[in-house]
Amino acid sequence: MQSKHILVLGAGLSSSSLIRYLLDHSETEGWKVTLGDISKELAESKIGGHAHGEALQFNVHDARQREECIKSAGVVISMLPARMHHLVAHDCVEYGSHLVTASYVSDEIRDLDEKARENGVLLLNEMGVDPGIDHMSAMQVIDHIGEA
């Protein structure tokens, strides 16, 4: 595992700001950023030829490729669909790479908690506020606008 190697899985629209941030800070922080996506062309376009970035065609269902990529990363950021996170999480726990996702904890990932702790692996999932609070805040703004 290389602690300064960040593997980002998924180059969709929601990952654009993240990728730009990582690349913008990669030289200062000494990061190597690898972006894997089912579309190598999309990954290449997001890396944009950056000296500290690398794009690759990535298939989460290819166990050998997934293992090789995760083994080399200190941190894996999965921007894949939530239903695929458990595959990545399993390999992260197995090979000692930390995992960050933007999804809530699934039962499959929850089941990895004990082994992750034993292996010193952080599995960091969605940490936002309770969705009910978000909805109440939105309603408060809408009500305020309606009263004006």
# chains A, B, ... in the order shown; residues from 1 in each chain; ligands from 1

call {"tool": "select_by_dssp", "arguments": {"residues": "chain A", "states": "strand (DSSP E)", "output": "count of residues only"}}
result
31

call {"tool": "atom_distance", "arguments": {"atom1": "CA of Leu23 (chain A)", "atom2": "CA of Ile77 (chain A)"}}
result
13.9 Å

call {"tool": "atom_distance", "arguments": {"atom1": "CA of Val33 (chain A)", "atom2": "CA of Ser17 (chain A)"}}
result
13.7 Å

call {"tool": "residues_around", "arguments": {"residues": "Ser39 (chain A)", "least_positions_apart": "2", "cutoff": "9 Å", "atoms": "only C-alpha atoms", "output": "PyMOL selection string"}}
result
chain A and resi 11+36-37+41-44+56-58

call {"tool": "write_last_selection", "arguments": {"atoms": "C-alpha atoms", "output": "short mmCIF file (atom, residue, chain, number, x, y, z; two decimals), in the first residue's frame"}}
result
data_model
loop_
_atom_site.label_atom_id
_atom_site.label_comp_id
_atom_site.auth_asym_id
_atom_site.auth_seq_id
_atom_site.Cartn_x
_atom_site.Cartn_y
_atom_site.Cartn_z
CA ALA A 11 -15.47 9.48 -13.20
CA GLY A 36 -10.56 4.37 -12.82
CA ASP A 37 -13.78 4.25 -14.78
CA GLU A 41 -11.82 8.01 -22.32
CA LEU A 42 -13.94 9.67 -19.64
CA ALA A 43 -11.26 9.05 -17.01
CA GLU A 44 -8.60 10.51 -19.32
CA LEU A 56 -7.39 3.65 -16.48
CA GLN A 57 -10.27 1.56 -17.69
CA PHE A 58 -11.68 -0.06 -14.55
#

call {"tool": "atom_distance", "arguments": {"atom1": "CA of Asn119 (chain A)", "atom2": "CA of Arg83 (chain A)"}}
result
23.5 Å

call {"tool": "residues_around", "arguments": {"residues": "Arg110 (chain A)", "least_positions_apart": "4", "cutoff": "10 Å", "atoms": "only C-alpha atoms", "output": "list of chain:residue names"}}
result
A:His86, A:Val105, A:Ser106, A:Glu114, A:Ala116, A:Leu123
